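Visitor: Input structure: model03.txt, which contains compact mmCIF, C-alpha atoms.
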```
# COMPACT_ATOMS: atom_id res chain seq x y z
CA MET A 1 81.22 121.36 92.54
CA ILE A 2 81.28 118.45 94.97
CA ARG A 3 79.53 115.41 93.55
CA LEU A 4 77.92 113.05 96.04
CA ARG A 5 77.63 109.51 94.68
CA PRO A 6 74.69 107.49 96.04
CA SER A 7 74.65 103.69 96.08
CA ARG A 8 72.51 103.35 92.94
CA VAL A 9 75.39 104.70 90.85
CA LYS A 10 78.00 102.33 92.25
CA LYS A 11 79.30 101.54 88.75
CA LYS A 12 79.99 105.22 88.12
CA VAL A 13 81.87 105.51 91.42
CA ASP A 14 84.10 102.59 90.44
CA MET A 15 84.88 104.19 87.10
CA GLN A 16 85.90 107.44 88.72
CA ILE A 17 88.15 105.75 91.26
CA ASP A 18 89.61 103.57 88.53
CA ASP A 19 90.57 106.73 86.64
CA LEU A 20 93.13 107.47 89.35
CA ILE A 21 95.25 104.57 88.08
CA ASN A 22 96.40 106.78 85.19
CA HIS A 23 96.92 109.86 87.35
CA THR A 24 100.03 110.87 89.30
CA SER A 25 99.20 112.21 92.74
CA GLU A 26 100.60 115.65 93.49
CA TRP A 27 102.74 114.30 96.34
CA LEU A 28 104.35 111.66 94.10
CA LYS A 29 105.72 114.01 91.46
CA GLY A 30 109.21 114.06 92.95
CA THR A 31 109.46 117.85 92.89
CA GLY A 32 109.80 120.57 95.50
CA PRO A 33 112.54 121.42 98.01
CA ASN A 34 114.83 118.56 99.12
CA SER A 35 112.78 116.07 97.10
CA ASP A 36 115.72 113.66 96.92
CA ILE A 37 115.17 112.96 100.64
CA VAL A 38 111.71 114.36 101.41
CA ILE A 39 108.95 112.51 99.56
CA SER A 40 106.07 114.66 100.80
CA SER A 41 104.84 117.15 103.37
CA ARG A 42 101.40 116.91 104.92
CA ILE A 43 99.27 119.08 107.18
CA ARG A 44 96.19 117.50 108.75
CA LEU A 45 93.52 119.29 110.77
CA ALA A 46 91.05 117.60 113.12
CA ARG A 47 87.72 119.40 113.48
CA ASN A 48 84.43 118.52 115.16
CA LEU A 49 80.97 120.05 115.06
CA ASN A 50 79.58 121.66 118.17
CA GLN A 51 76.74 119.88 120.01
CA ILE A 52 77.32 116.55 118.19
CA PRO A 53 79.24 113.77 120.00
CA PHE A 54 82.55 112.58 118.59
CA PRO A 55 82.10 109.80 115.98
CA HIS A 56 82.75 106.90 118.38
CA TRP A 57 79.89 108.09 120.62
CA ALA A 58 77.49 109.59 118.11
CA SER A 59 74.32 107.84 116.94
CA LYS A 60 73.80 106.91 113.29
CA PRO A 61 71.37 109.83 112.71
CA GLN A 62 73.90 112.21 114.25
CA LEU A 63 76.68 110.87 111.98
CA ASP A 64 74.39 111.26 108.97
CA GLU A 65 73.81 114.83 110.09
CA VAL A 66 77.59 115.39 110.13
CA ILE A 67 77.88 114.13 106.54
CA ASP A 68 75.00 116.31 105.39
CA LYS A 69 76.26 119.47 107.09
CA THR A 70 79.92 119.10 106.17
CA SER A 71 79.29 118.08 102.53
CA ALA A 72 76.97 121.05 102.09
CA ALA A 73 79.62 123.37 103.53
CA MET A 74 82.45 121.92 101.45
CA SER A 75 80.44 122.37 98.25
CA LYS A 76 80.66 126.14 98.85
CA VAL A 77 84.45 126.30 99.35
CA GLU A 78 86.33 127.49 96.29
CA LEU A 79 89.41 125.32 96.87
CA LEU A 80 87.19 122.22 97.03
CA LYS A 81 85.08 122.90 93.95
CA ASN A 82 86.79 120.21 91.84
CA SER A 83 86.29 117.49 94.43
CA THR A 84 84.18 114.35 94.71
CA LEU A 85 82.68 112.91 97.87
CA PHE A 86 82.19 109.14 98.24
CA LYS A 87 80.21 107.38 100.92
CA LEU A 88 82.31 104.42 102.04
CA THR A 89 79.37 102.01 102.05
CA ASN A 90 79.33 102.45 98.26
CA LEU A 91 82.93 101.23 97.92
CA ASP A 92 84.13 97.65 97.97
CA SER A 93 87.19 96.45 99.89
CA ILE A 94 89.54 96.97 96.93
CA ASP A 95 88.28 100.54 96.40
CA LYS A 96 88.90 101.39 100.03
CA GLN A 97 92.37 99.87 100.18
CA PHE A 98 93.16 101.58 96.88
CA LEU A 99 92.42 104.97 98.46
CA VAL A 100 94.56 104.05 101.48
CA GLU A 101 97.45 103.18 99.16
CA ARG A 102 97.10 106.59 97.52
CA HIS A 103 97.14 108.26 100.98
CA LEU A 104 93.65 109.69 100.46
CA MET A 105 92.33 108.10 103.65
CA SER A 106 93.56 106.14 106.65
CA ILE A 107 93.45 102.42 107.36
CA GLU A 108 91.23 103.21 110.37
CA HIS A 109 88.68 104.88 108.09
CA THR A 110 88.13 101.61 106.20
CA GLN A 111 86.75 99.92 109.34
CA LYS A 112 83.00 99.98 110.11
CA THR A 113 82.23 102.15 107.11
CA GLU A 114 78.60 103.05 107.79
CA GLN A 115 78.03 106.81 108.12
CA LYS A 116 81.52 107.54 106.79
CA ALA A 117 82.68 109.42 103.70
CA VAL A 118 85.81 110.69 102.00
CA LEU A 119 86.30 113.64 99.70
CA PHE A 120 89.31 114.43 97.53
CA ASN A 121 90.09 116.81 94.71
CA ASN A 122 91.25 116.05 91.17
CA GLU A 123 94.91 116.73 92.02
CA GLU A 124 94.75 114.36 95.02
CA ASN A 125 96.58 116.84 97.22
CA ILE A 126 93.47 117.70 99.27
CA ALA A 127 91.46 115.02 101.07
CA VAL A 128 88.82 115.11 103.80
CA MET A 129 87.73 112.12 105.86
CA ILE A 130 84.28 112.47 107.43
CA ASN A 131 83.50 110.61 110.66
CA GLU A 132 86.86 108.93 111.15
CA GLU A 133 88.14 109.60 114.71
CA ASP A 134 86.86 113.17 114.39
CA HIS A 135 83.98 114.57 112.37
CA LEU A 136 86.46 116.06 109.90
CA ARG A 137 90.05 115.12 109.14
CA ILE A 138 91.24 117.63 106.52
CA GLN A 139 94.63 117.01 104.90
CA LEU A 140 96.83 118.80 102.39
CA MET A 141 99.82 117.02 100.84
CA GLN A 142 102.66 118.55 98.83
CA SER A 143 105.63 117.02 97.07
CA GLY A 144 108.97 117.78 98.71
CA PHE A 145 109.69 119.79 101.86
CA ASN A 146 106.79 122.27 101.79
CA LEU A 147 105.07 122.39 105.18
CA PHE A 148 104.45 126.14 105.28
CA GLU A 149 102.99 126.16 101.77
CA ALA A 150 100.78 123.22 102.73
CA TRP A 151 99.69 125.12 105.85
CA ASN A 152 98.76 128.25 103.89
CA ILE A 153 96.48 126.27 101.58
CA ILE A 154 94.79 124.17 104.26
CA ASN A 155 94.36 127.23 106.48
CA SER A 156 92.39 128.91 103.69
CA ILE A 157 90.14 125.87 103.42
CA ASP A 158 89.67 125.73 107.20
CA ASP A 159 88.85 129.44 107.41
CA ALA A 160 86.22 129.06 104.70
CA LEU A 161 84.65 126.05 106.45
CA ALA A 162 84.70 127.82 109.82
CA LYS A 163 82.33 130.45 108.38
CA LEU A 164 79.87 127.73 107.41
CA LEU A 165 80.18 125.23 110.27
CA ASP A 166 79.91 125.58 114.04
CA TYR A 167 83.19 124.03 115.21
CA ALA A 168 83.60 122.61 118.71
CA TYR A 169 85.98 125.15 120.26
CA LEU A 170 86.78 126.49 123.72
CA ALA A 171 88.91 129.56 124.34
CA ASP A 172 90.96 127.83 127.06
CA PHE A 173 91.59 124.65 125.08
CA GLY A 174 91.25 125.44 121.39
CA TYR A 175 89.64 122.96 119.00
CA LEU A 176 88.13 119.97 120.81
CA THR A 177 89.14 116.58 119.42
CA ALA A 178 88.45 112.92 120.15
CA CYS A 179 92.13 112.32 121.02
CA PRO A 180 93.43 114.71 123.72
CA THR A 181 96.86 114.99 122.06
CA ASN A 182 95.21 116.74 119.09
CA THR A 183 93.32 119.27 121.21
CA GLY A 184 94.45 122.86 120.69
CA THR A 185 95.21 123.59 117.08
CA GLY A 186 93.99 120.14 116.07
CA MET A 187 96.96 120.08 113.73
CA ARG A 188 99.37 117.32 112.81
CA GLY A 189 102.26 118.12 110.54
CA SER A 190 104.14 115.23 109.01
CA VAL A 191 106.96 114.66 106.56
CA MET A 192 107.69 111.46 104.62
CA LEU A 193 111.43 110.85 104.36
CA HIS A 194 113.57 108.44 102.37
CA LEU A 195 116.61 107.61 104.54
CA PRO A 196 118.50 104.69 102.97
CA ALA A 197 121.99 105.92 103.90
CA LEU A 198 121.12 106.28 107.59
CA VAL A 199 119.62 102.78 107.54
CA MET A 200 122.58 101.18 105.73
CA SER A 201 125.12 102.93 107.98
CA ARG A 202 123.16 101.73 111.04
CA GLN A 203 122.60 105.23 112.36
CA ILE A 204 118.83 105.16 112.05
CA GLU A 205 118.10 103.74 115.53
CA ARG A 206 120.03 106.60 117.13
CA VAL A 207 118.12 109.12 115.00
CA LEU A 208 114.73 107.56 115.81
CA ALA A 209 115.54 107.50 119.54
CA ALA A 210 116.39 111.21 119.44
CA ILE A 211 113.14 111.95 117.58
CA ALA A 212 111.09 110.16 120.25
CA LYS A 213 112.75 112.17 123.04
CA LEU A 214 111.67 115.38 121.29
CA SER A 215 107.98 114.34 121.41
CA PHE A 216 107.74 113.44 117.75
CA THR A 217 106.49 110.12 116.45
CA THR A 218 107.75 107.95 113.61
CA ARG A 219 105.51 105.74 111.49
CA GLY A 220 105.65 103.84 108.23
CA LEU A 221 104.52 104.55 104.69
CA TYR A 222 100.81 104.44 105.57
CA GLY A 223 100.88 106.30 108.86
CA GLU A 224 99.52 105.20 112.22
CA GLY A 225 99.81 101.49 112.90
CA THR A 226 102.34 100.82 110.13
CA GLN A 227 106.03 100.05 110.43
CA ALA A 228 108.77 101.69 108.39
CA SER A 229 109.67 99.76 105.23
CA GLY A 230 111.75 100.50 102.16
CA ASN A 231 113.73 103.04 104.22
CA PHE A 232 110.66 105.33 104.39
CA PHE A 233 109.81 107.10 107.64
CA GLN A 234 106.88 109.41 108.37
CA ILE A 235 107.68 111.87 111.16
CA SER A 236 105.02 114.02 112.83
CA ASN A 237 104.32 116.04 115.97
CA GLN A 238 102.64 114.20 118.85
CA VAL A 239 101.12 117.09 120.79
CA SER A 240 99.10 120.05 119.58
CA LEU A 241 97.88 121.61 122.85
CA GLY A 242 99.78 124.70 123.99
CA HIS A 243 101.47 125.38 120.65
CA SER A 244 100.44 127.59 117.74
CA GLU A 245 100.37 126.27 114.19
CA SER A 246 103.48 128.22 113.24
CA GLU A 247 105.35 126.90 116.31
CA ILE A 248 104.46 123.31 115.42
CA ILE A 249 105.63 123.75 111.84
CA GLU A 250 108.84 125.50 112.88
CA ASN A 251 109.60 122.67 115.33
CA ILE A 252 109.01 120.02 112.67
CA ASN A 253 111.02 121.99 110.11
CA GLY A 254 113.95 122.31 112.49
CA LEU A 255 113.98 118.58 113.17
CA ILE A 256 113.60 117.62 109.50
CA ARG A 257 116.45 119.94 108.45
CA GLN A 258 118.74 118.11 110.89
CA ILE A 259 117.68 114.71 109.55
CA ILE A 260 118.18 115.87 105.95
CA GLU A 261 121.68 117.02 106.87
CA GLN A 262 122.50 113.69 108.53
CA GLU A 263 121.17 111.67 105.58
CA THR A 264 123.12 113.88 103.15
CA GLN A 265 126.33 113.39 105.15
CA ALA A 266 125.75 109.62 105.33
CA ARG A 267 125.34 109.52 101.54
CA GLU A 268 128.52 111.52 101.02
CA ILE A 269 130.50 109.18 103.29
CA MET A 270 129.18 106.13 101.45
CA LEU A 271 130.18 107.69 98.12
CA SER A 272 133.68 108.55 99.34
CA LYS A 273 134.46 105.35 101.24
CA GLY A 274 132.33 102.64 99.66
CA LYS A 275 131.19 103.78 96.23
CA ASP A 276 131.88 100.46 94.51
CA VAL A 277 129.91 98.50 97.10
CA LEU A 278 127.04 100.99 96.95
CA GLU A 279 126.95 101.04 93.16
CA ASP A 280 126.98 97.24 93.07
CA ARG A 281 124.03 97.04 95.47
CA ILE A 282 122.07 99.63 93.48
CA ASN A 283 122.65 97.90 90.16
CA ARG A 284 121.86 94.47 91.59
CA SER A 285 118.55 95.90 92.84
CA LEU A 286 117.79 97.31 89.40
CA GLY A 287 118.76 94.02 87.76
CA ILE A 288 116.36 92.03 89.92
CA LEU A 289 113.51 94.45 89.22
CA LYS A 290 114.14 94.27 85.47
CA SER A 291 114.22 90.47 85.35
CA ALA A 292 112.16 89.05 88.24
CA ARG A 293 109.13 86.90 87.34
CA ILE A 294 107.69 86.81 90.87
CA ILE A 295 108.17 89.54 93.46
CA THR A 296 106.45 90.49 96.72
CA SER A 297 105.33 93.96 97.73
CA GLN A 298 107.92 94.14 100.52
CA GLU A 299 110.82 93.15 98.28
CA THR A 300 109.64 95.63 95.65
CA ILE A 301 109.69 98.52 98.11
CA GLU A 302 113.18 97.60 99.33
CA LEU A 303 114.62 97.28 95.81
CA LEU A 304 112.92 100.43 94.55
CA SER A 305 114.38 102.27 97.54
CA MET A 306 117.88 101.38 96.34
CA VAL A 307 117.05 102.33 92.75
CA ARG A 308 115.68 105.67 93.94
CA LEU A 309 118.92 106.28 95.83
CA GLY A 310 120.87 105.40 92.70
CA SER A 311 118.83 107.84 90.64
CA ASP A 312 119.25 110.61 93.22
CA LEU A 313 123.03 110.05 93.35
CA GLY A 314 123.38 110.03 89.56
CA MET A 315 124.39 106.37 89.40
CA ILE A 316 121.26 105.55 87.37
CA LYS A 317 120.76 107.96 84.50
CA ASP A 318 117.66 106.77 82.65
CA ILE A 319 115.10 106.38 85.45
CA ASP A 320 113.75 109.53 87.06
CA ARG A 321 112.41 110.02 90.58
CA ARG A 322 108.81 110.42 89.46
CA THR A 323 108.81 107.06 87.66
CA ILE A 324 110.18 105.33 90.75
CA ASN A 325 107.67 107.08 93.03
CA GLU A 326 104.82 105.94 90.78
CA LEU A 327 106.04 102.34 90.94
CA PHE A 328 105.92 102.44 94.73
CA ILE A 329 102.16 103.00 94.44
CA THR A 330 101.12 101.12 91.29
CA THR A 331 102.72 97.91 92.57
CA GLN A 332 100.62 97.91 95.74
CA PRO A 333 98.00 95.10 96.06
CA SER A 334 94.83 97.08 95.35
CA HIS A 335 96.41 98.97 92.46
CA LEU A 336 97.35 95.68 90.81
CA GLN A 337 93.80 94.39 91.24
CA LYS A 338 92.43 97.61 89.78
CA LEU A 339 94.68 97.17 86.75
CA GLU A 340 93.39 93.61 86.29
CA ASN A 341 89.82 94.61 87.18
CA LYS A 342 89.43 91.59 89.46
CA LYS A 343 90.52 90.16 92.78
CA LEU A 344 93.91 88.45 92.71
CA SER A 345 95.47 85.92 95.04
CA ALA A 346 98.79 86.79 96.68
CA GLN A 347 100.68 84.68 94.12
CA GLU A 348 98.80 86.26 91.22
CA ARG A 349 99.67 89.70 92.57
CA ASP A 350 103.34 88.77 92.83
CA LEU A 351 103.32 87.65 89.19
CA LYS A 352 101.44 90.75 87.99
CA ARG A 353 103.71 93.04 90.02
CA ALA A 354 106.86 91.59 88.47
CA GLU A 355 105.36 91.85 84.99
CA LEU A 356 104.37 95.48 85.50
CA ILE A 357 107.84 96.43 86.79
CA ARG A 358 109.64 94.64 83.95
CA LYS A 359 107.53 96.38 81.32
CA LYS A 360 107.99 99.79 82.92
CA LEU A 361 111.75 99.61 83.53
CA ASN A 362 112.77 97.80 80.34
CA LEU A 363 111.04 100.42 78.21
CA LEU A 364 113.17 103.22 79.65
```
Give the structure from this file in structure tokens form.
Guide:
Amino acid sequence: MIRLRPSRVKKKVDMQIDDLINHTSEWLKGTGPNSDIVISSRIRLARNLNQIPFPHWASKPQLDEVIDKTSAAMSKVELLKNSTLFKLTNLDSIDKQFLVERHLMSIEHTQKTEQKAVLFNNEENIAVMINEEDHLRIQLMQSGFNLFEAWNIINSIDDALAKLLDYAYLADFGYLTACPTNTGTGMRGSVMLHLPALVMSRQIERVLAAIAKLSFTTRGLYGEGTQASGNFFQISNQVSLGHSESEIIENINGLIRQIIEQETQAREIMLSKGKDVLEDRINRSLGILKSARIITSQETIELLSMVRLGSDLGMIKDIDRRTINELFITTQPSHLQKLENKKLSAQERDLKRAELIRKKLNLL
């Protein structure tokens, strides 16, 4: 069942969120189709309740009504039965950033947190933001290149909720959303890609320019408002109106297949024409990670990107993809503070991050 945590049990909420430190999110497992290049696939649906203004225009009582109605409905959905709902006013700044780092909610959702909530299941592949830009932002994440599988699961959840909630919908327009580009299906499909060879061969700008011309958007590791880092790129559709869900997914799939092919070719060329240089760069990256005493988050992401490439190409034998994926997340600022159970300065985080990486990699 869905467990709603009121403010008087704040300590219990912290303990439950802290438990995620020792859990690997479904999308980080490094499995699924094309998982050497595709980190994860995500489908997100925007839904609003009929007769209640969008969150930016709704009153506080109306937003409370949204939380009450949607949480009651979600408690009756089979696929959400092992989920917990948190009101954001019960979470401190580290808790909220921690959930952003785990891709369970957006950066925007952490702002002005009154009358907002987030729900996620034990596997961390299903998450629902309540009263972000829309009344509901439902997302399903899968490891690897799995958009259609993700769609099938989230569609089942949406169908179940549609029987319990009165969605804002017009026959001529589809689902009504706060942002006009989401109107129609209300669906955004996105794929997180690791493209180090295209970056190193300086082909990435050409690829990103082509993506933009096709009405897709490219963002960084944490979605809207973030820049690409560590050779990670999140690609998603920009427009929902006038296209069916299957058309949107097919269009994204077609684009992603082309990018996978280009990244694969770039890797093959680097192996055939510059293997020694590539292997040197990969091993230097691993050496720094194994010995550094102070390291920033940005440098960590860049070095781990090279180590991940080395693992995928068979140049590094004793570090698997899942371990590297986990380090991308556990070395983030709020994760480090959760591990220490206290706030840390930037320098303290850099010291703790280096220590964590050394211990993890030197034990392998």
Visitor: Can you pull out every residue within 7 Å of stretch 202-216 of chain A, counting only C-alpha atoms, but drop anything in the same chain fewer than 6 positions away, and send it as a count of residues only?
Guide: 4
Visitor: Go through stretch 105-144 of chain A residue by residue and, counting only C-alpha atoms, keep those with an atom at most 12 Å from stretch 52-63 of chain A; for each kept residue give the shortest atom pair and its distance in Å to one decimal, ordered by chain and increasing number, as a Markdown table.
Guide:
```
| residue | atom | partner | partner_atom | distance |
| --- | --- | --- | --- | --- |
| A:His109 | CA | A:Pro55 | CA | 11.4 |
| A:Lys112 | CA | A:His56 | CA | 10.8 |
| A:Thr113 | CA | A:Leu63 | CA | 11.4 |
| A:Glu114 | CA | A:Lys60 | CA | 8.3 |
| A:Gln115 | CA | A:Leu63 | CA | 5.8 |
| A:Lys116 | CA | A:Leu63 | CA | 7.8 |
| A:Ala117 | CA | A:Leu63 | CA | 10.3 |
| A:Met129 | CA | A:Pro55 | CA | 11.8 |
| A:Ile130 | CA | A:Leu63 | CA | 9.0 |
| A:Asn131 | CA | A:Pro55 | CA | 5.6 |
| A:Glu132 | CA | A:Pro55 | CA | 6.8 |
| A:Glu133 | CA | A:Pro55 | CA | 6.2 |
| A:Asp134 | CA | A:Pro55 | CA | 6.0 |
| A:His135 | CA | A:Pro55 | CA | 6.3 |
| A:Leu136 | CA | A:Pro55 | CA | 9.8 |
| A:Arg137 | CA | A:Pro55 | CA | 11.8 |
```
Visitor: Go ahead and fit an axis-aligned box to every listed atom of stretch 304-315 of chain A plus 4 Å each side, and pass me the centre and edge lengths in Å, one decimal, as JSON.
Guide:
```
{"center_x": 118.7, "center_y": 105.5, "center_z": 93.5, "size_x": 19.5, "size_y": 18.2, "size_z": 16.1}
```
Visitor: Write out as a VMD selection string the residues lying within 7 Å of stretch 349-358 of chain A, counting only C-alpha atoms and excluding same-chain residues fewer than 4 positions away.
Guide: chain A and resid 289 to 296 331 333 336 344 to 345 362
Visitor: Of the candidates A:Leu164, A:Ile316, A:Val191, A:Leu198, which shows the shortest atom-to-atom distance to A:Lys69, using all atoms listed in the file?
Guide: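 Under the stated criterion, the closest residue is A:Leu164.
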Visitor: Leaving out A:Leu20 and any residue of its chain fewer than 2 positions from it, which residues lie within 10 Å of it when counting all atoms listed in the file, given as a ChimeraX atom specification?
Guide: /A:15-18,22-25,98-99,102,122-124,335,338
Visitor: Save out the residues we just selected, C-alpha atoms, as a compact mmCIF listing (two decimals), in the frame of the given file.
Guide:
```txt
# COMPACT_ATOMS: atom_id res chain seq x y z
CA MET A 15 84.88 104.19 87.10
CA GLN A 16 85.90 107.44 88.72
CA ILE A 17 88.15 105.75 91.26
CA ASP A 18 89.61 103.57 88.53
CA ASN A 22 96.40 106.78 85.19
CA HIS A 23 96.92 109.86 87.35
CA THR A 24 100.03 110.87 89.30
CA SER A 25 99.20 112.21 92.74
CA PHE A 98 93.16 101.58 96.88
CA LEU A 99 92.42 104.97 98.46
CA ARG A 102 97.10 106.59 97.52
CA ASN A 122 91.25 116.05 91.17
CA GLU A 123 94.91 116.73 92.02
CA GLU A 124 94.75 114.36 95.02
CA HIS A 335 96.41 98.97 92.46
CA LYS A 338 92.43 97.61 89.78
```
Visitor: Go ahead and find all residues with at least one atom no further than 7 Å from (114.9, 107.8, 89.8) in the file's coordinates, using all atoms listed in the file; report them as a PyMOL selection string.
Guide: chain A and resi 307-308+311-312+319-324
Visitor: Using atom CA of A:Phe232 and atom CA of A:Trp151 as the two end points, give the distance in Å to one decimal.
Guide: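 These two atoms are separated by 22.7 Å.
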Visitor: For a quick check of understanding, using all atoms listed in the file, which of A:Met270, A:Val38, A:Ile301, A:Leu363 has the smallest distance to A:Phe145?
Guide: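 Selected residue with least distance to A:Phe145: A:Val38.
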Visitor: For stretch 186-212 of chain A of the structure just presented, write C-alpha atoms to a file, as a PDB file, in the first residue's frame.
Guide:
```pdb
ATOM      1  CA  GLY A 186       1.163  14.430 -22.555  1.00  0.00           C
ATOM      2  CA  MET A 187       4.068  12.090 -23.148  1.00  0.00           C
ATOM      3  CA  ARG A 188       7.799  12.679 -23.129  1.00  0.00           C
ATOM      4  CA  GLY A 189      10.084   9.830 -24.057  1.00  0.00           C
ATOM      5  CA  SER A 190      13.755  10.205 -23.254  1.00  0.00           C
ATOM      6  CA  VAL A 191      16.923   8.162 -23.476  1.00  0.00           C
ATOM      7  CA  MET A 192      20.143   8.724 -21.511  1.00  0.00           C
ATOM      8  CA  LEU A 193      23.190   8.037 -23.674  1.00  0.00           C
ATOM      9  CA  HIS A 194      26.901   7.691 -22.964  1.00  0.00           C
ATOM     10  CA  LEU A 195      28.734   9.050 -26.031  1.00  0.00           C
ATOM     11  CA  PRO A 196      32.447   9.401 -25.207  1.00  0.00           C
ATOM     12  CA  ALA A 197      33.732   8.409 -28.659  1.00  0.00           C
ATOM     13  CA  LEU A 198      31.586  11.000 -30.447  1.00  0.00           C
ATOM     14  CA  VAL A 199      32.798  13.644 -27.986  1.00  0.00           C
ATOM     15  CA  MET A 200      36.488  12.698 -28.277  1.00  0.00           C
ATOM     16  CA  SER A 201      36.316  12.523 -32.079  1.00  0.00           C
ATOM     17  CA  ARG A 202      34.642  15.968 -32.116  1.00  0.00           C
ATOM     18  CA  GLN A 203      31.571  14.719 -33.938  1.00  0.00           C
ATOM     19  CA  ILE A 204      29.137  15.462 -31.130  1.00  0.00           C
ATOM     20  CA  GLU A 205      28.302  19.048 -32.179  1.00  0.00           C
ATOM     21  CA  ARG A 206      27.239  17.834 -35.618  1.00  0.00           C
ATOM     22  CA  VAL A 207      25.093  15.116 -34.029  1.00  0.00           C
ATOM     23  CA  LEU A 208      23.460  17.538 -31.568  1.00  0.00           C
ATOM     24  CA  ALA A 209      22.727  20.033 -34.367  1.00  0.00           C
ATOM     25  CA  ALA A 210      20.991  17.298 -36.373  1.00  0.00           C
ATOM     26  CA  ILE A 211      18.963  16.279 -33.314  1.00  0.00           C
ATOM     27  CA  ALA A 212      17.736  19.855 -32.815  1.00  0.00           C
TER      28      ALA A 212
END
```
